[in-house]
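Enquirer: First the structure, which I've put down as structure tokens, then a few questions once you've had a look.
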Protein chains: 2
Amino acid sequence: MARALQADLTLIDGRLVPGVVVRVARDGRIVSVDEAGSRTPTEEGDRSPIQRLRGKALLPGFVNAHSHAFQRLLRGRTEYRAHGRDGDDFWSWREAMYRASELLNPDDMEAVCRFAYLEMKLAGFTHVAEFHYLHHAPKGARYADPVEMSRRVLAAADFAGIGITLLRVAYQRGGPDQPPSPEQLRFVDPDPEAYFADLEATEAGCADDGARPVSVGIAAHSVRALDGDYLRALASGARDRVVHAHACEQPKEIEQCLAETGRRPIEHLADCGLLSERFSAVHATHLGEGEAQLLGDAGASAVICPTTERNLGDGLPDLPELMKAGVSLAIGTDSHARIDPFAELRQLEDGERLRTGRRNVLASAAGEHVAPTLFAAASSGGARAAGLEAGAIAPGLRADLIAVDLEDPALGGLVGTRNAENAILAALALGGHTGLVSDVWVGGRHEVRGGECLRYRQATEAYRAVVDKVFG
Amino acid sequence: MARALQADLTLIDGRLVPGVVVRVARDGRIVSVDEAGSRTPTEEGDRSPIQRLRGKALLPGFVNAHSHAFQRLLRGRTEYRAHGRDGDDFWSWREAMYRASELLNPDDMEAVCRFAYLEMKLAGFTHVAEFHYLHHAPKGARYADPVEMSRRVLAAADFAGIGITLLRVAYQRGGPDQPPSPEQLRFVDPDPEAYFADLEATEAGCADDGARPVSVGIAAHSVRALDGDYLRALASGARDRVVHAHACEQPKEIEQCLAETGRRPIEHLADCGLLSERFSAVHATHLGEGEAQLLGDAGASAVICPTTERNLGDGLPDLPELMKAGVSLAIGTDSHARIDPFAELRQLEDGERLRTGRRNVLASAAGEHVAPTLFAAASSGGARAAGLEAGAIAPGLRADLIAVDLEDPALGGLVGTRNAENAILAALALGGHTGLVSDVWVGGRHEVRGGECLRYRQATEAYRAVVDKVFG
């Protein structure tokens, strides 16, 4: 359905502009963006009455460029007393995560994905890049439909009304010279032929419905889980698909890669031909000299997941180094310890202040205010990483949009004062929270109204049943 | 007015307990806390019908143990392009803060404090310790009533319906051998006699109304702003008042203290006799060997302000070291870049994960789950730092209480599952946000209902006028 939206402020090219009218066509794309006073006549859009969004700012929808939806189950469950023998770290957390993953059947998986995607949508994410590796039945048995689990993930996104890039994960082994552990058998496609057969079967069953984008991409799980031959085969079969890989999250992964290949993870991925402008390195926390430049020279992206990276004790990436190298940044909520895009944005800058003991570090690196850099990571950077024509409020792009409440105390006393646009944008980027998101449109469809989405309550019961199965 | 509250879950002794009935007497104190099935007959409480708080958890109110309310004006205003000559840091931020402070008259101060305190109350803070140093007119001229500004701060807390410990700041100089700068003249009481005269005048004008606690304490601004004689005079005149001091926030302050006294800040404060169980070190970010133990041996508190400490590039304190030394922890929102108690709690633990690369660090340090440790810092630890008989849901304490919404997506799918209490508490502590706070009682008075407080809207207009005066 065609529509025309006019918020008090609209985020265009990194600025909050008053009075803008955004017209959306029936195909879910933006047809015109008119600043106050100007007007683009369009046959279709002109017929829609203007919907005034009073007390709101209209922003491009956020893109969640790295998600393991099923890990939503672990929220609050691994934050108790340290549960590893020697305290608790990434690897003891991974054991807990594997235990949960073993119990999930396709119905469970769909219920959990529905719930996680609905929470994302309520939080302002209009698209998710799902890094999906729970392919097979426990112990690695194939389902009757070998891509059953991928179909369920896509069905969940359809139910939730969120765009999705399903990144089907290639997984081969437990590590260098190490077979997969029993829990990892569910993830394994033993060779690239098997992998590509399933990838193509997934693609065949996946219809982009126009307004809500659906596509399939490749995920090379990590240099730990794939050997060089497998990585090269993924690179040569990738064609125009996006390719993501976990890289440099934990020091141990880097040591193992150096021991096996003599190269660090990004260097090794480059050697295997995987880097391109369609490539995203997920995390990129511990980069060696020159690795950021390898990514930048290829036109690649880095997907930073600050909440998860802190939750798991990964550490802080060097963002100015990535930006200087020309790497496009995106954000992800990854393990979903929280789902709050504003939290991810804020932590990009606050991590730099922690690393350096200085202020406005990303603003200095970008040569502009910090807020536009952060919002670009959440929207246009995410869209680029997900292979999506969206991420900005501009004609021709998909109308993935969110309205945020300018009357929330987080922004209190800024709106209605003089010369406040930069301060509002900074307070949003560094002090926003999910409670600000009042309305969400995905491909022009009005999916969240007044902070509510009826399907969220519907999805809760089935989700709780899975929680009880895993933890009850 | 007497009342009886029954939420789905109530936080008692670090556990979420179902079915508890909390009875509050007309004097604003809790008279009984009955777990399901048990019942304490009390003449007065028994007459109140039980108010069921469905879908809510009842928690002790949060204590904001370090606030400079007027700095709320700077929210969003110092997060642009780096504005110092060599980029931006704590000290360039301080210049911007001083510029704003110079413009405020008593009416402005009251308007800004009202607004900041109302935002705190909406966020779940039931009490604030205001570290107040804007005492005099610009250039240091005395107001006709020398404690005019302190009275305005107290009046603002009264208007906002929040408890307050007004920490009247002693300020003497710009630094060792350095007179106050022109902007600092507003802060200065040149000698301890002048300071105590004003402190006592403030106390004389300050009436605790019973339900809403009001008291006056001492703030020794810092070892930078006060020489040893002044610090010793504060210690000997403190009597039973609480004493707070900024300490070890920035490395430069420590270097200056070592150069002037040969001692580090906490050592110097100890030498001057200031440490006691009524003392709080604010920040305690960069402690030298033995300084945590000095605080712990004295039974002192440390007030950590993670949002501000990150915003200003201060760094991360070593919390396990403080805990091991027996230091009581509290939190503060300090510069009010955000006002969100959950954000402060979460950052206590996530800072440790960043420092150490491990998980559940505070849980290991405390020998228990992390969430009770965090909530204790926000409530009982804060109450201790503020000299307040509150901070827990227990008979005899003031009924400072908040209700949080268990149906928010941040907790989605946890409530209604088996054995979920620990997970709910962890998800609240590590994933909560201001939008969860639906109701607030201060000394038994129902101040926030359904997330709304009418006085907040009332206070906005006067606040905006001050914003326009400072930044317009």
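Every chain in the structure tokens has a letter given in the order shown (A, B, ...), and although residue numbers restart at 1 in each chain, ligands are simply numbered from 1 in the order shown.
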Pull out every residue of chain A sitting within 6 Å of chain B, counting only C-alpha atoms, and send them as a PyMOL selection string.
Expert: chain A and resi 76-77+80-82+88-89+310+313-315+338+350+353-354+357-360+363-364+368-370+413+417-418+423+426-427+431+435+460+464+468+472
Enquirer: Enumerate, as a tab-separated table (two decimals) with all heavy atoms, in the first residue's frame, the complete set of residues in region 5-177 of chain B that a backbone-based DSSP assignment places in alpha helix (DSSP H).
Expert:
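The resulting out-v1.tsv:
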chain	number	residue	atom	x	y	z
B	90	PHE	N	38.88	14.62	28.77
B	90	PHE	CA	38.23	15.08	30.00
B	90	PHE	C	38.38	16.58	30.17
B	90	PHE	O	37.44	17.28	30.54
B	90	PHE	CB	38.85	14.34	31.20
B	90	PHE	CG	38.38	14.81	32.54
B	90	PHE	CD1	37.29	14.20	33.15
B	90	PHE	CD2	39.01	15.85	33.21
B	90	PHE	CE1	36.85	14.63	34.40
B	90	PHE	CE2	38.57	16.29	34.45
B	90	PHE	CZ	37.48	15.67	35.04
B	91	TRP	N	39.58	17.09	29.94
B	91	TRP	CA	39.87	18.48	30.27
B	91	TRP	C	39.22	19.44	29.29
B	91	TRP	O	38.76	20.52	29.70
B	91	TRP	CB	41.39	18.68	30.37
B	91	TRP	CG	41.97	17.70	31.34
B	91	TRP	CD1	42.61	16.51	31.04
B	91	TRP	CD2	41.90	17.74	32.78
B	91	TRP	NE1	42.95	15.84	32.19
B	91	TRP	CE2	42.53	16.56	33.28
B	91	TRP	CE3	41.38	18.66	33.69
B	91	TRP	CZ2	42.64	16.29	34.65
B	91	TRP	CZ3	41.49	18.38	35.06
B	91	TRP	CH2	42.12	17.21	35.51
B	92	SER	N	39.12	19.09	28.02
B	92	SER	CA	38.39	19.96	27.08
B	92	SER	C	36.89	19.90	27.37
B	92	SER	O	36.19	20.89	27.25
B	92	SER	CB	38.69	19.58	25.63
B	92	SER	OG	38.45	18.22	25.39
B	93	TRP	N	36.41	18.71	27.79
B	93	TRP	CA	35.00	18.62	28.21
B	93	TRP	C	34.76	19.54	29.41
B	93	TRP	O	33.74	20.23	29.48
B	93	TRP	CB	34.66	17.17	28.59
B	93	TRP	CG	33.30	17.05	29.21
B	93	TRP	CD1	32.11	16.93	28.57
B	93	TRP	CD2	33.00	17.08	30.62
B	93	TRP	NE1	31.08	16.88	29.47
B	93	TRP	CE2	31.59	16.97	30.74
B	93	TRP	CE3	33.77	17.19	31.78
B	93	TRP	CZ2	30.95	16.96	31.99
B	93	TRP	CZ3	33.13	17.19	33.01
B	93	TRP	CH2	31.73	17.07	33.10
B	94	ARG	N	35.71	19.57	30.34
B	94	ARG	CA	35.52	20.39	31.53
B	94	ARG	C	35.39	21.87	31.16
B	94	ARG	O	34.61	22.60	31.77
B	94	ARG	CB	36.67	20.18	32.53
B	94	ARG	CG	36.35	20.75	33.90
B	94	ARG	CD	37.48	20.54	34.89
B	94	ARG	NE	38.62	21.40	34.61
B	94	ARG	CZ	39.53	21.78	35.51
B	94	ARG	NH1	39.44	21.34	36.75
B	94	ARG	NH2	40.54	22.54	35.18
B	95	GLU	N	36.14	22.31	30.16
B	95	GLU	CA	36.00	23.71	29.71
B	95	GLU	C	34.57	23.98	29.24
B	95	GLU	O	33.99	25.02	29.57
B	95	GLU	CB	36.99	24.01	28.57
B	95	GLU	CG	38.42	24.18	29.04
B	95	GLU	CD	39.40	24.21	27.86
B	95	GLU	OE1	39.01	24.67	26.77
B	95	GLU	OE2	40.53	23.74	28.04
B	96	ALA	N	34.02	23.05	28.45
B	96	ALA	CA	32.65	23.23	27.96
B	96	ALA	C	31.67	23.25	29.14
B	96	ALA	O	30.72	24.04	29.16
B	96	ALA	CB	32.30	22.11	26.98
B	97	MET	N	31.92	22.41	30.12
B	97	MET	CA	31.04	22.34	31.29
B	97	MET	C	31.12	23.64	32.08
B	97	MET	O	30.11	24.19	32.52
B	97	MET	CB	31.45	21.12	32.12
B	97	MET	CG	30.62	20.86	33.35
B	97	MET	SD	31.28	21.70	34.81
B	97	MET	CE	32.66	20.61	35.26
B	98	TYR	N	32.32	24.18	32.24
B	98	TYR	CA	32.47	25.45	32.96
B	98	TYR	C	31.73	26.58	32.23
B	98	TYR	O	31.12	27.43	32.86
B	98	TYR	CB	33.96	25.82	33.09
B	98	TYR	CG	34.70	25.10	34.19
B	98	TYR	CD1	36.08	25.29	34.33
B	98	TYR	CD2	34.07	24.25	35.09
B	98	TYR	CE1	36.80	24.66	35.34
B	98	TYR	CE2	34.78	23.61	36.09
B	98	TYR	CZ	36.15	23.82	36.21
B	98	TYR	OH	36.86	23.19	37.21
B	99	ARG	N	31.84	26.60	30.90
B	99	ARG	CA	31.15	27.65	30.14
B	99	ARG	C	29.65	27.62	30.43
B	99	ARG	O	29.03	28.65	30.61
B	99	ARG	CB	31.42	27.49	28.64
B	99	ARG	CG	32.75	28.06	28.18
B	99	ARG	CD	32.81	28.23	26.66
B	99	ARG	NE	32.66	26.96	25.94
B	99	ARG	CZ	33.64	26.11	25.71
B	99	ARG	NH1	34.87	26.36	26.14
B	99	ARG	NH2	33.42	24.99	25.04
B	100	ALA	N	29.08	26.41	30.46
B	100	ALA	CA	27.65	26.32	30.76
B	100	ALA	C	27.37	26.78	32.18
B	100	ALA	O	26.41	27.52	32.43
B	100	ALA	CB	27.17	24.88	30.56
B	101	SER	N	28.23	26.38	33.12
B	101	SER	CA	27.94	26.66	34.53
B	101	SER	C	27.95	28.16	34.83
B	101	SER	O	27.23	28.64	35.69
B	101	SER	CB	28.97	25.95	35.43
B	101	SER	OG	30.21	26.64	35.41
B	102	GLU	N	28.77	28.90	34.08
B	102	GLU	CA	28.89	30.34	34.34
B	102	GLU	C	27.59	31.10	34.13
B	102	GLU	O	27.39	32.16	34.68
B	102	GLU	CB	29.94	30.95	33.41
B	102	GLU	CG	31.34	30.78	33.88
B	102	GLU	CD	32.25	31.71	33.11
B	102	GLU	OE1	32.56	31.36	31.95
B	102	GLU	OE2	32.60	32.78	33.65
B	106	PRO	N	20.10	31.45	40.01
B	106	PRO	CA	19.36	30.52	40.88
B	106	PRO	C	18.09	29.95	40.24
B	106	PRO	O	17.79	28.77	40.41
B	106	PRO	CB	19.06	31.38	42.11
B	106	PRO	CG	20.21	32.33	42.18
B	106	PRO	CD	20.49	32.68	40.74
B	107	ASP	N	17.35	30.77	39.50
B	107	ASP	CA	16.15	30.24	38.84
B	107	ASP	C	16.52	29.14	37.84
B	107	ASP	O	15.85	28.11	37.74
B	107	ASP	CB	15.40	31.35	38.09
B	107	ASP	CG	14.65	32.28	39.04
B	107	ASP	OD1	14.48	31.92	40.22
B	107	ASP	OD2	14.26	33.37	38.58
B	108	ASP	N	17.58	29.40	37.07
B	108	ASP	CA	18.03	28.40	36.10
B	108	ASP	C	18.42	27.11	36.80
B	108	ASP	O	18.07	26.01	36.37
B	108	ASP	CB	19.27	28.91	35.32
B	108	ASP	CG	19.00	30.19	34.55
B	108	ASP	OD1	17.83	30.44	34.19
B	108	ASP	OD2	19.97	30.94	34.33
B	109	MET	N	19.17	27.27	37.89
B	109	MET	CA	19.65	26.11	38.61
B	109	MET	C	18.47	25.27	39.11
B	109	MET	O	18.47	24.05	38.97
B	109	MET	CB	20.50	26.57	39.81
B	109	MET	CG	21.16	25.46	40.59
B	109	MET	SD	22.49	24.67	39.63
B	109	MET	CE	23.05	23.45	40.82
B	110	GLU	N	17.48	25.93	39.65
B	110	GLU	CA	16.33	25.19	40.17
B	110	GLU	C	15.59	24.48	39.03
B	110	GLU	O	15.20	23.32	39.17
B	110	GLU	CB	15.38	26.13	40.94
B	110	GLU	CG	14.27	25.35	41.62
B	110	GLU	CD	13.44	26.19	42.60
B	110	GLU	OE1	13.86	27.32	42.95
B	110	GLU	OE2	12.37	25.71	43.01
B	111	ALA	N	15.46	25.16	37.90
B	111	ALA	CA	14.75	24.55	36.76
B	111	ALA	C	15.49	23.31	36.25
B	111	ALA	O	14.88	22.28	35.94
B	111	ALA	CB	14.60	25.58	35.63
B	112	VAL	N	16.81	23.42	36.18
B	112	VAL	CA	17.59	22.29	35.66
B	112	VAL	C	17.57	21.13	36.66
B	112	VAL	O	17.42	19.97	36.27
B	112	VAL	CB	19.03	22.73	35.35
B	112	VAL	CG1	19.89	21.54	34.97
B	112	VAL	CG2	19.03	23.77	34.24
B	113	CYS	N	17.69	21.45	37.94
B	113	CYS	CA	17.67	20.37	38.95
B	113	CYS	C	16.30	19.68	38.97
B	113	CYS	O	16.22	18.46	39.05
B	113	CYS	CB	18.00	20.93	40.33
B	113	CYS	SG	19.74	21.37	40.53
B	114	ARG	N	15.23	20.47	38.91
B	114	ARG	CA	13.89	19.85	38.86
B	114	ARG	C	13.82	18.82	37.74
B	114	ARG	O	13.36	17.70	37.94
B	114	ARG	CB	12.83	20.92	38.56
B	114	ARG	CG	12.44	21.78	39.72
B	114	ARG	CD	11.37	22.78	39.27
B	114	ARG	NE	10.82	23.50	40.41
B	114	ARG	CZ	9.67	24.17	40.39
B	114	ARG	NH1	8.94	24.23	39.28
B	114	ARG	NH2	9.24	24.78	41.47
B	115	PHE	N	14.27	19.26	36.57
B	115	PHE	CA	14.14	18.42	35.39
B	115	PHE	C	15.00	17.16	35.50
B	115	PHE	O	14.57	16.04	35.23
B	115	PHE	CB	14.55	19.24	34.17
B	115	PHE	CG	14.23	18.60	32.86
B	115	PHE	CD1	12.91	18.47	32.44
B	115	PHE	CD2	15.23	18.14	32.02
B	115	PHE	CE1	12.60	17.88	31.23
B	115	PHE	CE2	14.94	17.56	30.81
B	115	PHE	CZ	13.62	17.42	30.41
B	116	ALA	N	16.23	17.35	35.97
B	116	ALA	CA	17.14	16.20	36.11
B	116	ALA	C	16.61	15.22	37.16
B	116	ALA	O	16.64	14.00	36.97
B	116	ALA	CB	18.54	16.67	36.48
B	117	TYR	N	16.09	15.75	38.27
B	117	TYR	CA	15.60	14.86	39.33
B	117	TYR	C	14.35	14.11	38.89
B	117	TYR	O	14.14	12.96	39.26
B	117	TYR	CB	15.34	15.65	40.61
B	117	TYR	CG	16.59	16.25	41.21
B	117	TYR	CD1	16.54	17.37	42.04
B	117	TYR	CD2	17.84	15.69	40.96
B	117	TYR	CE1	17.69	17.91	42.58
B	117	TYR	CE2	18.99	16.24	41.50
B	117	TYR	CZ	18.92	17.35	42.31
B	117	TYR	OH	20.06	17.89	42.85
B	118	LEU	N	13.50	14.78	38.12
B	118	LEU	CA	12.31	14.09	37.63
B	118	LEU	C	12.71	12.97	36.66
B	118	LEU	O	12.13	11.89	36.67
B	118	LEU	CB	11.37	15.09	36.96
B	118	LEU	CG	10.57	15.92	37.97
B	118	LEU	CD1	10.03	17.18	37.32
B	118	LEU	CD2	9.44	15.09	38.56
B	119	GLU	N	13.71	13.24	35.82
B	119	GLU	CA	14.18	12.17	34.92
B	119	GLU	C	14.73	11.00	35.74
B	119	GLU	O	14.49	9.84	35.42
B	119	GLU	CB	15.23	12.71	33.95
B	119	GLU	CG	15.67	11.64	32.95
B	119	GLU	CD	16.66	12.15	31.92
B	119	GLU	OE1	16.82	13.38	31.77
B	119	GLU	OE2	17.28	11.29	31.26
B	120	MET	N	15.46	11.33	36.80
B	120	MET	CA	15.98	10.25	37.67
B	120	MET	C	14.84	9.43	38.25
B	120	MET	O	14.89	8.20	38.27
B	120	MET	CB	16.78	10.85	38.83
B	120	MET	CG	18.12	11.42	38.42
B	120	MET	SD	18.95	12.15	39.86
B	120	MET	CE	20.07	13.26	38.99
B	121	LYS	N	13.82	10.12	38.75
B	121	LYS	CA	12.71	9.41	39.39
B	121	LYS	C	12.00	8.52	38.37
B	121	LYS	O	11.69	7.35	38.67
B	121	LYS	CB	11.73	10.42	40.01
B	121	LYS	CG	10.80	9.81	41.02
B	121	LYS	CD	9.93	10.86	41.66
B	121	LYS	CE	8.95	11.43	40.67
B	121	LYS	NZ	8.00	12.37	41.28
B	122	LEU	N	11.78	9.02	37.17
B	122	LEU	CA	11.16	8.20	36.13
B	122	LEU	C	12.01	6.97	35.81
B	122	LEU	O	11.49	5.93	35.41
B	122	LEU	CB	10.96	9.03	34.85
B	122	LEU	CG	9.83	10.05	34.88
B	122	LEU	CD1	9.96	11.02	33.71
B	122	LEU	CD2	8.47	9.35	34.84
B	148	GLU	N	21.64	30.46	48.94
B	148	GLU	CA	20.55	30.51	47.95
B	148	GLU	C	20.57	29.29	47.01
B	148	GLU	O	19.55	28.62	46.81
B	148	GLU	CB	20.71	31.79	47.12
B	148	GLU	CG	19.84	31.89	45.88
B	148	GLU	CD	18.50	32.53	46.17
B	148	GLU	OE1	18.40	33.27	47.16
B	148	GLU	OE2	17.55	32.28	45.40
B	149	MET	N	21.73	29.01	46.44
B	149	MET	CA	21.79	27.93	45.45
B	149	MET	C	21.50	26.57	46.09
B	149	MET	O	20.81	25.74	45.50
B	149	MET	CB	23.14	27.92	44.73
B	149	MET	CG	23.32	29.08	43.78
B	149	MET	SD	22.24	29.00	42.31
B	149	MET	CE	23.47	28.76	41.01
B	150	SER	N	22.01	26.34	47.29
B	150	SER	CA	21.72	25.08	47.97
B	150	SER	C	20.23	24.95	48.24
B	150	SER	O	19.65	23.88	48.06
B	150	SER	CB	22.49	24.99	49.29
B	150	SER	OG	23.87	24.85	49.05
B	151	ARG	N	19.62	26.07	48.66
B	151	ARG	CA	18.18	26.03	48.90
B	151	ARG	C	17.41	25.68	47.63
B	151	ARG	O	16.43	24.94	47.67
B	151	ARG	CB	17.70	27.38	49.44
B	151	ARG	CG	18.00	27.60	50.91
B	151	ARG	CD	17.11	28.71	51.50
B	151	ARG	NE	17.20	29.96	50.74
B	151	ARG	CZ	16.28	30.38	49.87
B	151	ARG	NH1	15.19	29.67	49.63
B	151	ARG	NH2	16.45	31.52	49.24
B	152	ARG	N	17.89	26.21	46.50
B	152	ARG	CA	17.22	25.92	45.23
B	152	ARG	C	17.34	24.43	44.87
B	152	ARG	O	16.41	23.84	44.34
B	152	ARG	CB	17.81	26.78	44.11
B	152	ARG	CG	17.60	28.27	44.31
B	152	ARG	CD	16.11	28.62	44.46
B	152	ARG	NE	15.91	30.06	44.32
B	152	ARG	CZ	15.41	30.64	43.22
B	152	ARG	NH1	15.05	29.90	42.18
B	152	ARG	NH2	15.28	31.94	43.16
B	153	VAL	N	18.48	23.86	45.13
B	153	VAL	CA	18.67	22.42	44.85
B	153	VAL	C	17.71	21.60	45.70
B	153	VAL	O	17.03	20.69	45.21
B	153	VAL	CB	20.13	22.00	45.11
B	153	VAL	CG1	20.27	20.49	44.99
B	153	VAL	CG2	21.08	22.72	44.15
B	154	LEU	N	17.61	21.97	46.99
B	154	LEU	CA	16.69	21.25	47.87
B	154	LEU	C	15.24	21.44	47.44
B	154	LEU	O	14.45	20.49	47.46
B	154	LEU	CB	16.88	21.72	49.32
B	154	LEU	CG	18.23	21.33	49.95
B	154	LEU	CD1	18.44	22.10	51.28
B	154	LEU	CD2	18.30	19.83	50.22
B	155	ALA	N	14.92	22.66	47.00
B	155	ALA	CA	13.55	22.92	46.55
B	155	ALA	C	13.23	22.09	45.31
B	155	ALA	O	12.11	21.60	45.14
B	155	ALA	CB	13.36	24.41	46.27
B	156	ALA	N	14.21	21.95	44.46
B	156	ALA	CA	14.00	21.16	43.24
B	156	ALA	C	13.72	19.70	43.57
B	156	ALA	O	12.85	19.05	42.97
B	156	ALA	CB	15.22	21.28	42.32
B	157	ALA	N	14.47	19.16	44.53
B	157	ALA	CA	14.23	17.77	44.94
B	157	ALA	C	12.84	17.63	45.55
B	157	ALA	O	12.15	16.62	45.31
B	157	ALA	CB	15.30	17.32	45.93
B	158	ASP	N	12.43	18.66	46.29
B	158	ASP	CA	11.09	18.63	46.88
B	158	ASP	C	10.04	18.62	45.77
B	158	ASP	O	9.11	17.81	45.77
B	158	ASP	CB	10.92	19.85	47.79
B	158	ASP	CG	9.59	19.85	48.51
B	158	ASP	OD1	9.26	18.82	49.12
B	158	ASP	OD2	8.88	20.86	48.43
B	159	PHE	N	10.18	19.51	44.80
B	159	PHE	CA	9.26	19.56	43.66
B	159	PHE	C	9.22	18.21	42.94
B	159	PHE	O	8.17	17.71	42.56
B	159	PHE	CB	9.70	20.66	42.69
B	159	PHE	CG	8.88	20.73	41.43
B	159	PHE	CD1	7.71	21.50	41.39
B	159	PHE	CD2	9.26	20.04	40.29
B	159	PHE	CE1	6.95	21.57	40.22
B	159	PHE	CE2	8.50	20.09	39.13
B	159	PHE	CZ	7.34	20.86	39.10
B	160	ALA	N	10.42	17.64	42.75
B	160	ALA	CA	10.51	16.39	41.98
B	160	ALA	C	10.06	15.18	42.78
B	160	ALA	O	9.83	14.11	42.21
B	160	ALA	CB	11.94	16.19	41.48
Enquirer: Neighbours of Val448 (chain B) within 9 Å (only C-alpha atoms; same-chain residues fewer than 4 positions away dropped), as JSON, numbers by chain?
Expert: {"B": [121, 122, 124, 402, 437, 438, 439, 440, 441, 452, 453, 454]}
Enquirer: Apply DSSP to the structure's backbone, then extract all residues of region 163-254 of chain B labelled strand (DSSP E) and return them as a count of residues only.
Expert: 20
Enquirer: Considering only C-alpha atoms, return as JSON, numbers by chain whatever protein or nucleic-acid residues lie within 12 Å of Glu289 (chain A), sequence-local ones (same chain, fewer than 6 positions apart) excluded.
Expert: {"A": [263, 264, 265, 266, 267, 295, 318, 321, 322, 325]}
Enquirer: Might you pull out every residue within 12 Å of Ala197 (chain A), with only C-alpha atoms counted and same-chain residues fewer than 5 positions away left off, and present them as a ChimeraX atom specification?
Expert: /A:146-147,168,170,189-192,202-204,237
Enquirer: One number please: CA of Val470 (chain A) to CA of Leu185 (chain A), in Å, one decimal.
Expert: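 Spanning CA of Val470 (chain A) to CA of Leu185 (chain A) is a straight-line distance of 18.9 Å.
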Enquirer: So that I can check the surroundings of Ala245 (chain A), please list as a list in words every protein, DNA and RNA residue that reaches within 7 Å of it, counting only C-alpha atoms and ignoring chain neighbours fewer than 2 positions away.
Expert: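 After dropping sequence-adjacent residues, the list is Ala219, Ala220, His221, Ser222, Val243, Ala247, Ser280, Ala281 and Val282 of chain A.
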Enquirer: Could you pull the residues within 8 Å of Leu5 (chain B), counting only C-alpha atoms, minus those fewer than 3 positions along the same chain, as a list of chain:residue names?
Expert: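 Skipping anything fewer than 3 positions along the chain leaves B:Val21, B:Val22, B:Arg23, B:Ile50, B:Gln51, B:Arg52, B:Leu53.
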Enquirer: Mind giving me the straight-line distance from CA of Gly332 (chain B) to CA of Gly443 (chain B) in Å, one decimal?
Expert: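 If I compute the distance from CA of Gly332 (chain B) to CA of Gly443 (chain B), I get 20.4 Å.
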Enquirer: Ranking A:Gly217, A:Gly61, A:Pro251, A:Gly228 by minimum distance to Thr165 (chain A) and counting only C-alpha atoms, which one comes first?
Expert: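 Counting only C-alpha atoms, the residue closest to Thr165 (chain A) is A:Gly217.
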Enquirer: Go through A:Ile331, A:Leu274, A:Leu319, A:Leu166 one by one, measure the shortest atom-to-atom distance of each to Ser380 (chain A) using only C-alpha atoms, and give the residue with the smallest value.
Expert: A:Ile331
Enquirer: Have a look at CA of Asp334 (chain A) and CA of Gly387 (chain A) and let me know their distance in Å, one decimal.
Expert: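 Between these atoms lies a distance of 18.0 Å.
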